[in-house]
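Undergrad: protein-v2.cif is reproduced in full below (mmCIF, N, CA and C atoms).
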data_start
loop_
_atom_site.label_atom_id
_atom_site.label_comp_id
_atom_site.auth_asym_id
_atom_site.auth_seq_id
_atom_site.Cartn_x
_atom_site.Cartn_y
_atom_site.Cartn_z
N MET A 1 -15.32 -44.52 -7.22
CA MET A 1 -15.43 -43.08 -7.33
C MET A 1 -16.86 -42.68 -7.02
N ALA A 2 -17.02 -41.66 -6.21
CA ALA A 2 -18.35 -41.21 -5.80
C ALA A 2 -19.02 -40.44 -6.92
N THR A 3 -20.33 -40.59 -7.00
CA THR A 3 -21.11 -39.87 -8.00
C THR A 3 -21.72 -38.65 -7.33
N VAL A 4 -21.53 -37.48 -7.95
CA VAL A 4 -22.11 -36.25 -7.43
C VAL A 4 -23.27 -35.88 -8.33
N HIS A 5 -24.44 -35.75 -7.73
CA HIS A 5 -25.63 -35.39 -8.50
C HIS A 5 -25.66 -33.90 -8.75
N ARG A 6 -26.24 -33.53 -9.86
CA ARG A 6 -26.31 -32.12 -10.25
C ARG A 6 -26.97 -31.29 -9.15
N ARG A 7 -28.04 -31.80 -8.57
CA ARG A 7 -28.77 -31.08 -7.54
C ARG A 7 -27.88 -30.80 -6.33
N SER A 8 -27.00 -31.74 -5.94
CA SER A 8 -26.14 -31.52 -4.76
C SER A 8 -25.10 -30.44 -5.05
N ARG A 9 -24.65 -30.34 -6.32
CA ARG A 9 -23.70 -29.29 -6.66
C ARG A 9 -24.35 -27.91 -6.54
N ILE A 10 -25.62 -27.79 -6.95
CA ILE A 10 -26.33 -26.52 -6.85
C ILE A 10 -26.52 -26.17 -5.39
N SER A 11 -26.90 -27.13 -4.56
CA SER A 11 -27.11 -26.87 -3.14
C SER A 11 -25.81 -26.44 -2.48
N THR A 12 -24.72 -27.09 -2.82
CA THR A 12 -23.42 -26.72 -2.25
C THR A 12 -23.05 -25.30 -2.65
N GLY A 13 -23.26 -24.96 -3.93
CA GLY A 13 -22.96 -23.60 -4.40
C GLY A 13 -23.81 -22.57 -3.68
N ALA A 14 -25.09 -22.88 -3.49
CA ALA A 14 -25.99 -21.95 -2.79
C ALA A 14 -25.56 -21.79 -1.34
N ALA A 15 -25.16 -22.87 -0.71
CA ALA A 15 -24.71 -22.80 0.69
C ALA A 15 -23.45 -21.97 0.83
N VAL A 16 -22.51 -22.16 -0.08
CA VAL A 16 -21.27 -21.39 -0.04
C VAL A 16 -21.59 -19.91 -0.24
N GLY A 17 -22.46 -19.60 -1.19
CA GLY A 17 -22.85 -18.21 -1.44
C GLY A 17 -23.53 -17.60 -0.23
N LEU A 18 -24.40 -18.35 0.43
CA LEU A 18 -25.08 -17.85 1.62
C LEU A 18 -24.10 -17.58 2.74
N VAL A 19 -23.20 -18.49 3.00
CA VAL A 19 -22.19 -18.31 4.05
C VAL A 19 -21.32 -17.10 3.72
N PHE A 20 -20.90 -16.97 2.45
CA PHE A 20 -20.09 -15.83 2.04
C PHE A 20 -20.85 -14.52 2.27
N GLY A 21 -22.14 -14.51 1.89
CA GLY A 21 -22.95 -13.30 2.07
C GLY A 21 -23.09 -12.92 3.53
N ILE A 22 -23.30 -13.90 4.39
CA ILE A 22 -23.40 -13.63 5.83
C ILE A 22 -22.07 -13.13 6.36
N PHE A 23 -20.98 -13.73 5.93
CA PHE A 23 -19.63 -13.36 6.36
C PHE A 23 -19.34 -11.90 6.04
N VAL A 24 -19.64 -11.49 4.81
CA VAL A 24 -19.37 -10.12 4.38
C VAL A 24 -20.35 -9.16 5.03
N ALA A 25 -21.65 -9.52 5.07
CA ALA A 25 -22.66 -8.64 5.64
C ALA A 25 -22.42 -8.39 7.12
N ALA A 26 -21.86 -9.36 7.82
CA ALA A 26 -21.60 -9.21 9.24
C ALA A 26 -20.37 -8.36 9.52
N GLY A 27 -19.71 -7.90 8.46
CA GLY A 27 -18.53 -7.05 8.65
C GLY A 27 -17.28 -7.85 8.94
N LYS A 28 -17.30 -9.12 8.69
CA LYS A 28 -16.14 -9.96 8.97
C LYS A 28 -15.34 -10.22 7.71
N GLY A 29 -15.74 -9.64 6.59
CA GLY A 29 -15.07 -9.86 5.31
C GLY A 29 -13.79 -9.06 5.20
N TRP A 30 -13.38 -8.80 3.97
CA TRP A 30 -12.13 -8.10 3.74
C TRP A 30 -12.22 -6.70 4.31
N ALA A 31 -11.31 -6.41 5.20
CA ALA A 31 -11.34 -5.11 5.86
C ALA A 31 -10.50 -4.11 5.10
N GLY A 32 -10.95 -2.87 5.10
CA GLY A 32 -10.15 -1.79 4.53
C GLY A 32 -9.05 -1.42 5.51
N GLN A 33 -8.16 -0.59 5.07
CA GLN A 33 -7.04 -0.18 5.92
C GLN A 33 -7.53 0.40 7.24
N GLU A 34 -8.65 1.15 7.18
CA GLU A 34 -9.14 1.79 8.39
C GLU A 34 -9.55 0.79 9.47
N GLU A 35 -9.82 -0.45 9.11
CA GLU A 35 -10.22 -1.46 10.08
C GLU A 35 -9.06 -2.35 10.51
N GLN A 36 -7.89 -2.19 9.91
CA GLN A 36 -6.78 -3.07 10.22
C GLN A 36 -5.98 -2.61 11.43
N PHE A 37 -6.10 -1.36 11.78
CA PHE A 37 -5.26 -0.82 12.85
C PHE A 37 -6.12 -0.20 13.93
N THR A 38 -5.54 -0.07 15.10
CA THR A 38 -6.25 0.58 16.19
C THR A 38 -6.38 2.07 15.87
N PRO A 39 -7.35 2.77 16.45
CA PRO A 39 -7.61 4.17 16.06
C PRO A 39 -6.40 5.09 16.12
N GLU A 40 -5.49 4.90 17.05
CA GLU A 40 -4.33 5.80 17.13
C GLU A 40 -3.38 5.64 15.95
N TYR A 41 -3.54 4.60 15.14
CA TYR A 41 -2.67 4.39 13.99
C TYR A 41 -3.29 4.85 12.67
N LYS A 42 -4.48 5.44 12.69
CA LYS A 42 -5.15 5.84 11.45
C LYS A 42 -4.61 7.13 10.86
N GLU A 43 -4.10 8.02 11.67
CA GLU A 43 -3.59 9.30 11.20
C GLU A 43 -2.22 9.12 10.55
N LEU A 44 -1.99 9.82 9.45
CA LEU A 44 -0.68 9.79 8.80
C LEU A 44 0.21 10.86 9.40
N ARG A 45 1.46 10.53 9.58
CA ARG A 45 2.42 11.50 10.10
C ARG A 45 3.11 12.19 8.93
N THR A 46 3.16 13.51 8.98
CA THR A 46 3.80 14.27 7.91
C THR A 46 5.03 15.01 8.39
N SER A 47 5.32 14.94 9.68
CA SER A 47 6.53 15.59 10.18
C SER A 47 7.75 14.79 9.74
N PHE A 48 8.92 15.41 9.77
CA PHE A 48 10.14 14.73 9.33
C PHE A 48 10.71 13.86 10.45
N ASP A 49 11.01 12.63 10.11
CA ASP A 49 11.71 11.71 11.00
C ASP A 49 12.75 10.99 10.15
N PRO A 50 14.03 11.05 10.53
CA PRO A 50 15.08 10.50 9.68
C PRO A 50 14.94 9.02 9.33
N LYS A 51 14.30 8.21 10.17
CA LYS A 51 14.19 6.77 9.89
C LYS A 51 12.85 6.38 9.29
N HIS A 52 11.84 7.25 9.34
CA HIS A 52 10.50 6.85 8.90
C HIS A 52 9.95 7.64 7.73
N THR A 53 10.38 8.87 7.52
CA THR A 53 9.84 9.68 6.44
C THR A 53 10.28 9.13 5.09
N PRO A 54 9.33 8.89 4.18
CA PRO A 54 9.71 8.42 2.84
C PRO A 54 10.49 9.50 2.08
N LYS A 55 11.44 9.05 1.29
CA LYS A 55 12.19 9.94 0.40
C LYS A 55 11.78 9.59 -1.02
N ILE A 56 11.25 10.59 -1.75
CA ILE A 56 10.78 10.38 -3.12
C ILE A 56 11.84 10.92 -4.08
N THR A 57 12.31 10.06 -4.96
CA THR A 57 13.25 10.47 -6.00
C THR A 57 12.53 10.35 -7.34
N ALA A 58 12.30 11.50 -7.98
CA ALA A 58 11.59 11.55 -9.26
C ALA A 58 11.95 12.86 -9.95
N PRO A 59 11.78 12.92 -11.27
CA PRO A 59 12.04 14.19 -11.96
C PRO A 59 11.05 15.27 -11.51
N ASP A 60 11.43 16.53 -11.68
CA ASP A 60 10.54 17.65 -11.33
C ASP A 60 9.45 17.83 -12.38
N SER A 61 9.74 17.43 -13.63
CA SER A 61 8.74 17.53 -14.69
C SER A 61 8.94 16.39 -15.68
N VAL A 62 7.84 15.99 -16.30
CA VAL A 62 7.85 14.91 -17.30
C VAL A 62 6.89 15.29 -18.41
N LYS A 63 6.96 14.57 -19.53
CA LYS A 63 6.01 14.75 -20.62
C LYS A 63 4.79 13.88 -20.36
N ARG A 64 3.63 14.36 -20.74
CA ARG A 64 2.38 13.62 -20.57
C ARG A 64 2.49 12.26 -21.24
N GLY A 65 2.16 11.21 -20.49
CA GLY A 65 2.16 9.85 -21.01
C GLY A 65 3.52 9.18 -21.09
N GLN A 66 4.58 9.91 -20.77
CA GLN A 66 5.94 9.35 -20.83
C GLN A 66 6.21 8.53 -19.56
N TRP A 67 6.76 7.32 -19.73
CA TRP A 67 7.10 6.48 -18.58
C TRP A 67 8.34 7.04 -17.90
N PHE A 68 8.33 7.02 -16.58
CA PHE A 68 9.49 7.46 -15.79
C PHE A 68 9.49 6.72 -14.46
N ASP A 69 10.65 6.72 -13.82
CA ASP A 69 10.81 6.00 -12.55
C ASP A 69 10.63 6.94 -11.35
N VAL A 70 9.97 6.40 -10.34
CA VAL A 70 9.84 7.06 -9.05
C VAL A 70 10.35 6.07 -8.02
N THR A 71 11.39 6.45 -7.29
CA THR A 71 11.94 5.58 -6.25
C THR A 71 11.54 6.13 -4.89
N VAL A 72 11.04 5.26 -4.04
CA VAL A 72 10.66 5.64 -2.68
C VAL A 72 11.52 4.81 -1.74
N ASN A 73 12.28 5.53 -0.92
CA ASN A 73 13.17 4.91 0.06
C ASN A 73 12.70 5.36 1.43
N ILE A 74 12.49 4.42 2.33
CA ILE A 74 12.02 4.79 3.66
C ILE A 74 13.22 5.09 4.54
N GLY A 75 13.18 6.27 5.10
CA GLY A 75 14.29 6.76 5.90
C GLY A 75 15.02 7.85 5.14
N ALA A 76 14.45 9.05 5.09
CA ALA A 76 15.03 10.15 4.33
C ALA A 76 16.38 10.58 4.90
N GLY A 77 16.65 10.22 6.15
CA GLY A 77 17.92 10.61 6.77
C GLY A 77 18.73 9.42 7.23
N GLY A 78 18.36 8.23 6.83
CA GLY A 78 19.05 7.00 7.23
C GLY A 78 18.21 5.81 6.83
N GLU A 79 18.70 4.62 7.06
CA GLU A 79 17.97 3.41 6.67
C GLU A 79 16.98 2.98 7.74
N HIS A 80 15.80 2.59 7.30
CA HIS A 80 14.80 2.05 8.21
C HIS A 80 15.10 0.57 8.42
N PRO A 81 14.97 0.08 9.64
CA PRO A 81 15.22 -1.35 9.86
C PRO A 81 14.16 -2.23 9.19
N SER A 82 14.52 -3.47 8.96
CA SER A 82 13.59 -4.45 8.43
C SER A 82 13.68 -5.70 9.30
N LEU A 83 13.10 -5.58 10.48
CA LEU A 83 13.10 -6.65 11.48
C LEU A 83 11.67 -7.13 11.69
N SER A 84 11.50 -8.30 12.21
CA SER A 84 10.15 -8.80 12.42
C SER A 84 9.35 -7.91 13.36
N GLU A 85 9.99 -7.30 14.34
CA GLU A 85 9.29 -6.44 15.29
C GLU A 85 9.22 -4.98 14.86
N HIS A 86 9.96 -4.59 13.81
CA HIS A 86 9.98 -3.20 13.36
C HIS A 86 10.29 -3.19 11.86
N ALA A 87 9.24 -3.10 11.07
CA ALA A 87 9.41 -3.17 9.62
C ALA A 87 8.33 -2.33 8.94
N ILE A 88 8.48 -2.14 7.64
CA ILE A 88 7.48 -1.44 6.83
C ILE A 88 6.58 -2.50 6.18
N ARG A 89 5.27 -2.37 6.40
CA ARG A 89 4.30 -3.32 5.83
C ARG A 89 4.11 -3.09 4.34
N TYR A 90 3.95 -1.82 3.95
CA TYR A 90 3.78 -1.51 2.53
C TYR A 90 4.22 -0.08 2.24
N ILE A 91 4.48 0.17 0.95
CA ILE A 91 4.75 1.51 0.45
C ILE A 91 3.74 1.75 -0.66
N ALA A 92 3.01 2.86 -0.57
CA ALA A 92 2.01 3.21 -1.59
C ALA A 92 2.39 4.53 -2.24
N LEU A 93 2.09 4.65 -3.53
CA LEU A 93 2.38 5.86 -4.28
C LEU A 93 1.07 6.43 -4.82
N TYR A 94 0.88 7.74 -4.63
CA TYR A 94 -0.32 8.44 -5.06
C TYR A 94 0.06 9.61 -5.96
N ILE A 95 -0.86 10.01 -6.84
CA ILE A 95 -0.80 11.31 -7.49
C ILE A 95 -2.01 12.05 -6.93
N ASN A 96 -1.76 13.09 -6.20
CA ASN A 96 -2.79 13.82 -5.45
C ASN A 96 -3.49 12.84 -4.51
N THR A 97 -4.76 12.52 -4.73
CA THR A 97 -5.46 11.58 -3.84
C THR A 97 -5.69 10.21 -4.47
N ALA A 98 -5.26 10.01 -5.71
CA ALA A 98 -5.48 8.73 -6.40
C ALA A 98 -4.27 7.80 -6.21
N GLU A 99 -4.52 6.61 -5.67
CA GLU A 99 -3.44 5.65 -5.49
C GLU A 99 -3.04 5.09 -6.85
N ILE A 100 -1.73 5.11 -7.12
CA ILE A 100 -1.19 4.60 -8.38
C ILE A 100 -0.73 3.15 -8.21
N ALA A 101 -0.01 2.89 -7.13
CA ALA A 101 0.55 1.56 -6.92
C ALA A 101 0.84 1.36 -5.44
N ARG A 102 0.96 0.07 -5.07
CA ARG A 102 1.28 -0.29 -3.68
C ARG A 102 2.10 -1.57 -3.71
N VAL A 103 3.14 -1.61 -2.89
CA VAL A 103 3.99 -2.79 -2.77
C VAL A 103 4.00 -3.21 -1.31
N TYR A 104 3.68 -4.48 -1.08
CA TYR A 104 3.74 -5.03 0.27
C TYR A 104 5.12 -5.64 0.49
N LEU A 105 5.66 -5.40 1.67
CA LEU A 105 7.01 -5.86 1.99
C LEU A 105 6.96 -6.89 3.12
N HIS A 106 7.93 -7.75 3.12
CA HIS A 106 8.03 -8.77 4.16
C HIS A 106 9.12 -8.35 5.15
N PRO A 107 8.86 -8.46 6.45
CA PRO A 107 9.92 -8.15 7.40
C PRO A 107 11.11 -9.09 7.19
N VAL A 108 12.26 -8.61 7.43
CA VAL A 108 13.52 -9.35 7.34
C VAL A 108 13.97 -9.54 5.89
N TYR A 109 13.08 -9.98 4.98
CA TYR A 109 13.46 -10.32 3.62
C TYR A 109 13.36 -9.17 2.62
N SER A 110 12.65 -8.10 2.98
CA SER A 110 12.44 -6.98 2.04
C SER A 110 13.05 -5.71 2.59
N PHE A 111 13.85 -5.04 1.79
CA PHE A 111 14.40 -3.74 2.15
C PHE A 111 13.36 -2.68 1.79
N PRO A 112 13.11 -1.70 2.64
CA PRO A 112 12.05 -0.72 2.38
C PRO A 112 12.44 0.35 1.35
N LYS A 113 12.64 -0.10 0.12
CA LYS A 113 12.94 0.78 -1.00
C LYS A 113 12.33 0.15 -2.25
N VAL A 114 11.52 0.93 -2.99
CA VAL A 114 10.89 0.42 -4.20
C VAL A 114 10.99 1.45 -5.32
N THR A 115 10.99 0.96 -6.55
CA THR A 115 10.96 1.83 -7.72
C THR A 115 9.72 1.51 -8.53
N PHE A 116 8.90 2.53 -8.75
CA PHE A 116 7.70 2.41 -9.56
C PHE A 116 7.99 3.03 -10.92
N THR A 117 7.53 2.43 -11.99
CA THR A 117 7.60 3.04 -13.32
C THR A 117 6.18 3.44 -13.68
N ILE A 118 5.97 4.75 -13.83
CA ILE A 118 4.62 5.27 -14.03
C ILE A 118 4.59 6.28 -15.19
N ALA A 119 3.40 6.66 -15.60
CA ALA A 119 3.16 7.73 -16.57
C ALA A 119 1.98 8.54 -16.04
N LEU A 120 2.01 9.85 -16.26
CA LEU A 120 0.96 10.73 -15.76
C LEU A 120 0.30 11.51 -16.88
N ASP A 121 -0.98 11.84 -16.68
CA ASP A 121 -1.71 12.70 -17.62
C ASP A 121 -1.63 14.15 -17.18
N GLY A 122 -1.50 14.37 -15.88
CA GLY A 122 -1.46 15.73 -15.35
C GLY A 122 -0.54 15.81 -14.15
N GLY A 123 -0.12 17.00 -13.86
CA GLY A 123 0.79 17.22 -12.73
C GLY A 123 0.06 17.25 -11.41
N GLY A 124 0.82 17.50 -10.39
CA GLY A 124 0.24 17.56 -9.05
C GLY A 124 1.27 17.18 -8.02
N SER A 125 0.81 16.50 -7.02
CA SER A 125 1.65 16.11 -5.91
C SER A 125 1.80 14.58 -5.87
N LEU A 126 3.02 14.11 -6.08
CA LEU A 126 3.31 12.69 -5.85
C LEU A 126 3.39 12.51 -4.34
N ARG A 127 2.67 11.54 -3.82
CA ARG A 127 2.68 11.28 -2.38
C ARG A 127 3.10 9.84 -2.15
N ALA A 128 3.99 9.64 -1.21
CA ALA A 128 4.39 8.29 -0.80
C ALA A 128 3.94 8.08 0.63
N ILE A 129 3.36 6.92 0.88
CA ILE A 129 2.93 6.56 2.23
C ILE A 129 3.59 5.25 2.60
N ALA A 130 4.24 5.24 3.74
CA ALA A 130 4.87 4.03 4.27
C ALA A 130 4.14 3.65 5.56
N GLU A 131 3.68 2.42 5.61
CA GLU A 131 2.93 1.95 6.78
C GLU A 131 3.78 0.96 7.57
N PRO A 132 4.30 1.36 8.73
CA PRO A 132 5.06 0.43 9.55
C PRO A 132 4.15 -0.54 10.30
N ASN A 133 4.73 -1.57 10.84
CA ASN A 133 3.92 -2.55 11.57
C ASN A 133 3.74 -2.18 13.03
N HIS A 134 4.22 -1.02 13.45
CA HIS A 134 4.18 -0.69 14.87
C HIS A 134 3.63 0.70 15.17
N SER A 135 3.29 1.49 14.15
CA SER A 135 2.80 2.84 14.41
C SER A 135 2.01 3.34 13.22
N ALA A 136 1.60 4.59 13.29
CA ALA A 136 0.88 5.22 12.18
C ALA A 136 1.79 5.33 10.97
N GLY A 137 1.18 5.51 9.81
CA GLY A 137 1.94 5.64 8.58
C GLY A 137 2.63 6.99 8.49
N TRP A 138 3.63 7.03 7.63
CA TRP A 138 4.38 8.26 7.37
C TRP A 138 4.18 8.66 5.93
N GLU A 139 4.08 9.98 5.70
CA GLU A 139 3.80 10.48 4.36
C GLU A 139 4.82 11.56 3.98
N ALA A 140 5.16 11.57 2.68
CA ALA A 140 5.99 12.63 2.10
C ALA A 140 5.40 12.96 0.74
N ALA A 141 5.67 14.17 0.24
CA ALA A 141 5.12 14.58 -1.05
C ALA A 141 6.18 15.32 -1.85
N LYS A 142 6.01 15.28 -3.18
CA LYS A 142 6.89 15.98 -4.11
C LYS A 142 6.04 16.47 -5.27
N LYS A 143 6.14 17.77 -5.57
CA LYS A 143 5.41 18.34 -6.70
C LYS A 143 6.04 17.87 -8.00
N ILE A 144 5.18 17.60 -9.00
CA ILE A 144 5.65 17.19 -10.31
C ILE A 144 4.80 17.89 -11.37
N ALA A 145 5.46 18.43 -12.38
CA ALA A 145 4.77 19.10 -13.48
C ALA A 145 4.72 18.16 -14.69
N VAL A 146 3.63 18.24 -15.45
CA VAL A 146 3.47 17.42 -16.64
C VAL A 146 3.27 18.36 -17.83
N ALA A 147 4.16 18.25 -18.80
CA ALA A 147 4.10 19.07 -20.00
C ALA A 147 3.40 18.29 -21.11
N PRO A 148 2.69 18.99 -22.00
CA PRO A 148 1.99 18.29 -23.09
C PRO A 148 2.90 17.59 -24.07
#
What does the file become when written as C-alpha cells?
TA:
Amino acid sequence: MATVHRRSRISTGAAVGLVFGIFVAAGKGWAGQEEQFTPEYKELRTSFDPKHTPKITAPDSVKRGQWFDVTVNIGAGGEHPSLSEHAIRYIALYINTAEIARVYLHPVYSFPKVTFTIALDGGGSLRAIAEPNHSAGWEAAKKIAVAP
C-alpha cells in the first residue's frame, strides 16, 4: 500500500482548487440558462400553441401557508410528444418572478406533465415555463389569490 504524505495531500488540494478557479473564471464553469441555448432560443413564447403552451391547473384562491397542488401539462390543446428529437427538457413553476420549483424530464421516458405541491404567502401570477429541446421556451400564467 502506498504512503501518502500530508504535504502531497495539501499540494493536490491546492492544485485542484487552482484548476477549478481557472475553469470557473474562464467562463467554462456551470452555465446559466442564458448560456445553454443559441440567442434565438432565449425569448419565451407567450402566444397560444396547442402542443407547446403549458396548461396550469390550480385553484383560483388559497389560504396563506396552505399546501395545494398545481399541475402543469404541456400542450393546452393536445399532448406534446416525448421523443428524443422533440421533447420537453424541463418544466419550471414561478410565483411572479420567483422560481418555486423545476423538474427536468427525460425524452422518451418522461411525459411532460408534473404536479407541484406548494404553499404561498401572497397572491400573484403563477407562471409555468416549458423548455423544449428544439426551440424557445413556452410560458403560461394563471392569477391566484391568497387569503389570510
Undergrad: Would you return as an mmCIF file with N, CA and C atoms, in the frame of the given file the members of region 46-126 of chain A that DSSP assigns to strand (DSSP E) on this structure's backbone?
TA:
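And here is the file that came out, selection_26.cif:
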data_model
loop_
_atom_site.group_PDB
_atom_site.id
_atom_site.type_symbol
_atom_site.label_atom_id
_atom_site.label_comp_id
_atom_site.auth_asym_id
_atom_site.auth_seq_id
_atom_site.Cartn_x
_atom_site.Cartn_y
_atom_site.Cartn_z
ATOM 1 N N PRO A 54 9.330 8.890 4.180
ATOM 2 C CA PRO A 54 9.710 8.420 2.840
ATOM 3 C C PRO A 54 10.490 9.500 2.080
ATOM 4 N N LYS A 55 11.440 9.050 1.290
ATOM 5 C CA LYS A 55 12.190 9.940 0.400
ATOM 6 C C LYS A 55 11.780 9.590 -1.020
ATOM 7 N N ILE A 56 11.250 10.590 -1.750
ATOM 8 C CA ILE A 56 10.780 10.380 -3.120
ATOM 9 C C ILE A 56 11.840 10.920 -4.080
ATOM 10 N N THR A 57 12.310 10.060 -4.960
ATOM 11 C CA THR A 57 13.250 10.470 -6.000
ATOM 12 C C THR A 57 12.530 10.350 -7.340
ATOM 13 N N SER A 61 9.740 17.430 -13.630
ATOM 14 C CA SER A 61 8.740 17.530 -14.690
ATOM 15 C C SER A 61 8.940 16.390 -15.680
ATOM 16 N N VAL A 62 7.840 15.990 -16.300
ATOM 17 C CA VAL A 62 7.850 14.910 -17.300
ATOM 18 C C VAL A 62 6.890 15.290 -18.410
ATOM 19 N N LYS A 63 6.960 14.570 -19.530
ATOM 20 C CA LYS A 63 6.010 14.750 -20.620
ATOM 21 C C LYS A 63 4.790 13.880 -20.360
ATOM 22 N N PHE A 68 8.330 7.020 -16.580
ATOM 23 C CA PHE A 68 9.490 7.460 -15.790
ATOM 24 C C PHE A 68 9.490 6.720 -14.460
ATOM 25 N N ASP A 69 10.650 6.720 -13.820
ATOM 26 C CA ASP A 69 10.810 6.000 -12.550
ATOM 27 C C ASP A 69 10.630 6.940 -11.350
ATOM 28 N N VAL A 70 9.970 6.400 -10.340
ATOM 29 C CA VAL A 70 9.840 7.060 -9.050
ATOM 30 C C VAL A 70 10.350 6.070 -8.020
ATOM 31 N N THR A 71 11.390 6.450 -7.290
ATOM 32 C CA THR A 71 11.940 5.580 -6.250
ATOM 33 C C THR A 71 11.540 6.130 -4.890
ATOM 34 N N VAL A 72 11.040 5.260 -4.040
ATOM 35 C CA VAL A 72 10.660 5.640 -2.680
ATOM 36 C C VAL A 72 11.520 4.810 -1.740
ATOM 37 N N ASN A 73 12.280 5.530 -0.920
ATOM 38 C CA ASN A 73 13.170 4.910 0.060
ATOM 39 C C ASN A 73 12.700 5.360 1.430
ATOM 40 N N ILE A 74 12.490 4.420 2.330
ATOM 41 C CA ILE A 74 12.020 4.790 3.660
ATOM 42 C C ILE A 74 13.220 5.090 4.540
ATOM 43 N N ILE A 88 8.480 -2.140 7.640
ATOM 44 C CA ILE A 88 7.480 -1.440 6.830
ATOM 45 C C ILE A 88 6.580 -2.500 6.180
ATOM 46 N N ARG A 89 5.270 -2.370 6.400
ATOM 47 C CA ARG A 89 4.300 -3.320 5.830
ATOM 48 C C ARG A 89 4.110 -3.090 4.340
ATOM 49 N N TYR A 90 3.950 -1.820 3.950
ATOM 50 C CA TYR A 90 3.780 -1.510 2.530
ATOM 51 C C TYR A 90 4.220 -0.080 2.240
ATOM 52 N N ILE A 91 4.480 0.170 0.950
ATOM 53 C CA ILE A 91 4.750 1.510 0.450
ATOM 54 C C ILE A 91 3.740 1.750 -0.660
ATOM 55 N N ALA A 92 3.010 2.860 -0.570
ATOM 56 C CA ALA A 92 2.010 3.210 -1.590
ATOM 57 C C ALA A 92 2.390 4.530 -2.240
ATOM 58 N N LEU A 93 2.090 4.650 -3.530
ATOM 59 C CA LEU A 93 2.380 5.860 -4.280
ATOM 60 C C LEU A 93 1.070 6.430 -4.820
ATOM 61 N N TYR A 94 0.880 7.740 -4.630
ATOM 62 C CA TYR A 94 -0.320 8.440 -5.060
ATOM 63 C C TYR A 94 0.060 9.610 -5.960
ATOM 64 N N ILE A 95 -0.860 10.010 -6.840
ATOM 65 C CA ILE A 95 -0.800 11.310 -7.490
ATOM 66 C C ILE A 95 -2.010 12.050 -6.930
ATOM 67 N N ALA A 98 -5.260 10.010 -5.710
ATOM 68 C CA ALA A 98 -5.480 8.730 -6.400
ATOM 69 C C ALA A 98 -4.270 7.800 -6.210
ATOM 70 N N GLU A 99 -4.520 6.610 -5.670
ATOM 71 C CA GLU A 99 -3.440 5.650 -5.490
ATOM 72 C C GLU A 99 -3.040 5.090 -6.850
ATOM 73 N N ILE A 100 -1.730 5.110 -7.120
ATOM 74 C CA ILE A 100 -1.190 4.600 -8.380
ATOM 75 C C ILE A 100 -0.730 3.150 -8.210
ATOM 76 N N ALA A 101 -0.010 2.890 -7.130
ATOM 77 C CA ALA A 101 0.550 1.560 -6.920
ATOM 78 C C ALA A 101 0.840 1.360 -5.440
ATOM 79 N N ARG A 102 0.960 0.070 -5.070
ATOM 80 C CA ARG A 102 1.280 -0.290 -3.680
ATOM 81 C C ARG A 102 2.100 -1.570 -3.710
ATOM 82 N N VAL A 103 3.140 -1.610 -2.890
ATOM 83 C CA VAL A 103 3.990 -2.790 -2.770
ATOM 84 C C VAL A 103 4.000 -3.210 -1.310
ATOM 85 N N TYR A 104 3.680 -4.480 -1.080
ATOM 86 C CA TYR A 104 3.740 -5.030 0.270
ATOM 87 C C TYR A 104 5.120 -5.640 0.490
ATOM 88 N N LYS A 113 12.640 -0.100 0.120
ATOM 89 C CA LYS A 113 12.940 0.780 -1.000
ATOM 90 C C LYS A 113 12.330 0.150 -2.250
ATOM 91 N N VAL A 114 11.520 0.930 -2.990
ATOM 92 C CA VAL A 114 10.890 0.420 -4.200
ATOM 93 C C VAL A 114 10.990 1.450 -5.320
ATOM 94 N N THR A 115 10.990 0.960 -6.550
ATOM 95 C CA THR A 115 10.960 1.830 -7.720
ATOM 96 C C THR A 115 9.720 1.510 -8.530
ATOM 97 N N PHE A 116 8.900 2.530 -8.750
ATOM 98 C CA PHE A 116 7.700 2.410 -9.560
ATOM 99 C C PHE A 116 7.990 3.030 -10.920
ATOM 100 N N THR A 117 7.530 2.430 -11.990
ATOM 101 C CA THR A 117 7.600 3.040 -13.320
ATOM 102 C C THR A 117 6.180 3.440 -13.680
ATOM 103 N N ILE A 118 5.970 4.750 -13.830
ATOM 104 C CA ILE A 118 4.620 5.270 -14.030
ATOM 105 C C ILE A 118 4.590 6.280 -15.190
ATOM 106 N N GLY A 124 0.820 17.500 -10.390
ATOM 107 C CA GLY A 124 0.240 17.560 -9.050
ATOM 108 C C GLY A 124 1.270 17.180 -8.020
ATOM 109 N N SER A 125 0.810 16.500 -7.020
ATOM 110 C CA SER A 125 1.650 16.110 -5.910
ATOM 111 C C SER A 125 1.800 14.580 -5.870
ATOM 112 N N LEU A 126 3.020 14.110 -6.080
ATOM 113 C CA LEU A 126 3.310 12.690 -5.850
ATOM 114 C C LEU A 126 3.390 12.510 -4.340
#
Undergrad: For each of A:Val72, A:Ala87, A:Ala119, A:Ala147, take the minimum atom-to-atom distance to Thr57 (chain A), counting only N, CA and C atoms, then give the residue where this is smallest.
TA: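 Once distances to Thr57 (chain A) are computed over only N, CA and C atoms, the minimum belongs to A:Val72.
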Undergrad: So which residues get picked by the PyMOL selection byres ((chain A and resi 74-80) around 6.5) here, written as a list in words?
TA: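 Given this file, the PyMOL selection byres ((chain A and resi 74-80) around 6.5) evaluates to Asp49, Pro50, Lys51, His52, Thr53, Pro54, Lys55, Val72, Asn73, Pro81, Ser82, Pro112, Lys113 and Val114 of chain A.
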Undergrad: Extract, using only N, CA and C atoms, all DNA, RNA and protein residues at most 8 Å from Gly122 (chain A), discarding same-chain residues fewer than 4 positions from it, and format them as a list in words.
TA: Lys63, Arg64, Gly65, Ile144, Ala145, Val146 and Ala147 of chain A
Undergrad: Would you please work out which residue, of A:Gln66, A:Thr97, A:Ser125, A:Thr115, is nearest to Ala141 (chain A) when using only C-alpha atoms?
TA: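 Of the candidates, the smallest distance to Ala141 (chain A) is held by A:Ser125.
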Undergrad: Residues near Trp67 (chain A), anyone? I mean within 8 Å using only N, CA and C atoms, not counting same-chain ones fewer than 6 positions away, as a list in words.
TA: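 Result of the neighbour search: Thr117, Ile118, Ala119 and Leu120 of chain A.
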Undergrad: Using N, CA and C atoms, can you export the residues from the last selection as a short mmCIF file (atom, residue, chain, number, x, y, z; two decimals), in the coordinates of the input?
TA:
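New file selection-v2.cif:
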data_model
loop_
_atom_site.label_atom_id
_atom_site.label_comp_id
_atom_site.auth_asym_id
_atom_site.auth_seq_id
_atom_site.Cartn_x
_atom_site.Cartn_y
_atom_site.Cartn_z
N THR A 117 7.53 2.43 -11.99
CA THR A 117 7.60 3.04 -13.32
C THR A 117 6.18 3.44 -13.68
N ILE A 118 5.97 4.75 -13.83
CA ILE A 118 4.62 5.27 -14.03
C ILE A 118 4.59 6.28 -15.19
N ALA A 119 3.40 6.66 -15.60
CA ALA A 119 3.16 7.73 -16.57
C ALA A 119 1.98 8.54 -16.04
N LEU A 120 2.01 9.85 -16.26
CA LEU A 120 0.96 10.73 -15.76
C LEU A 120 0.30 11.51 -16.88
#
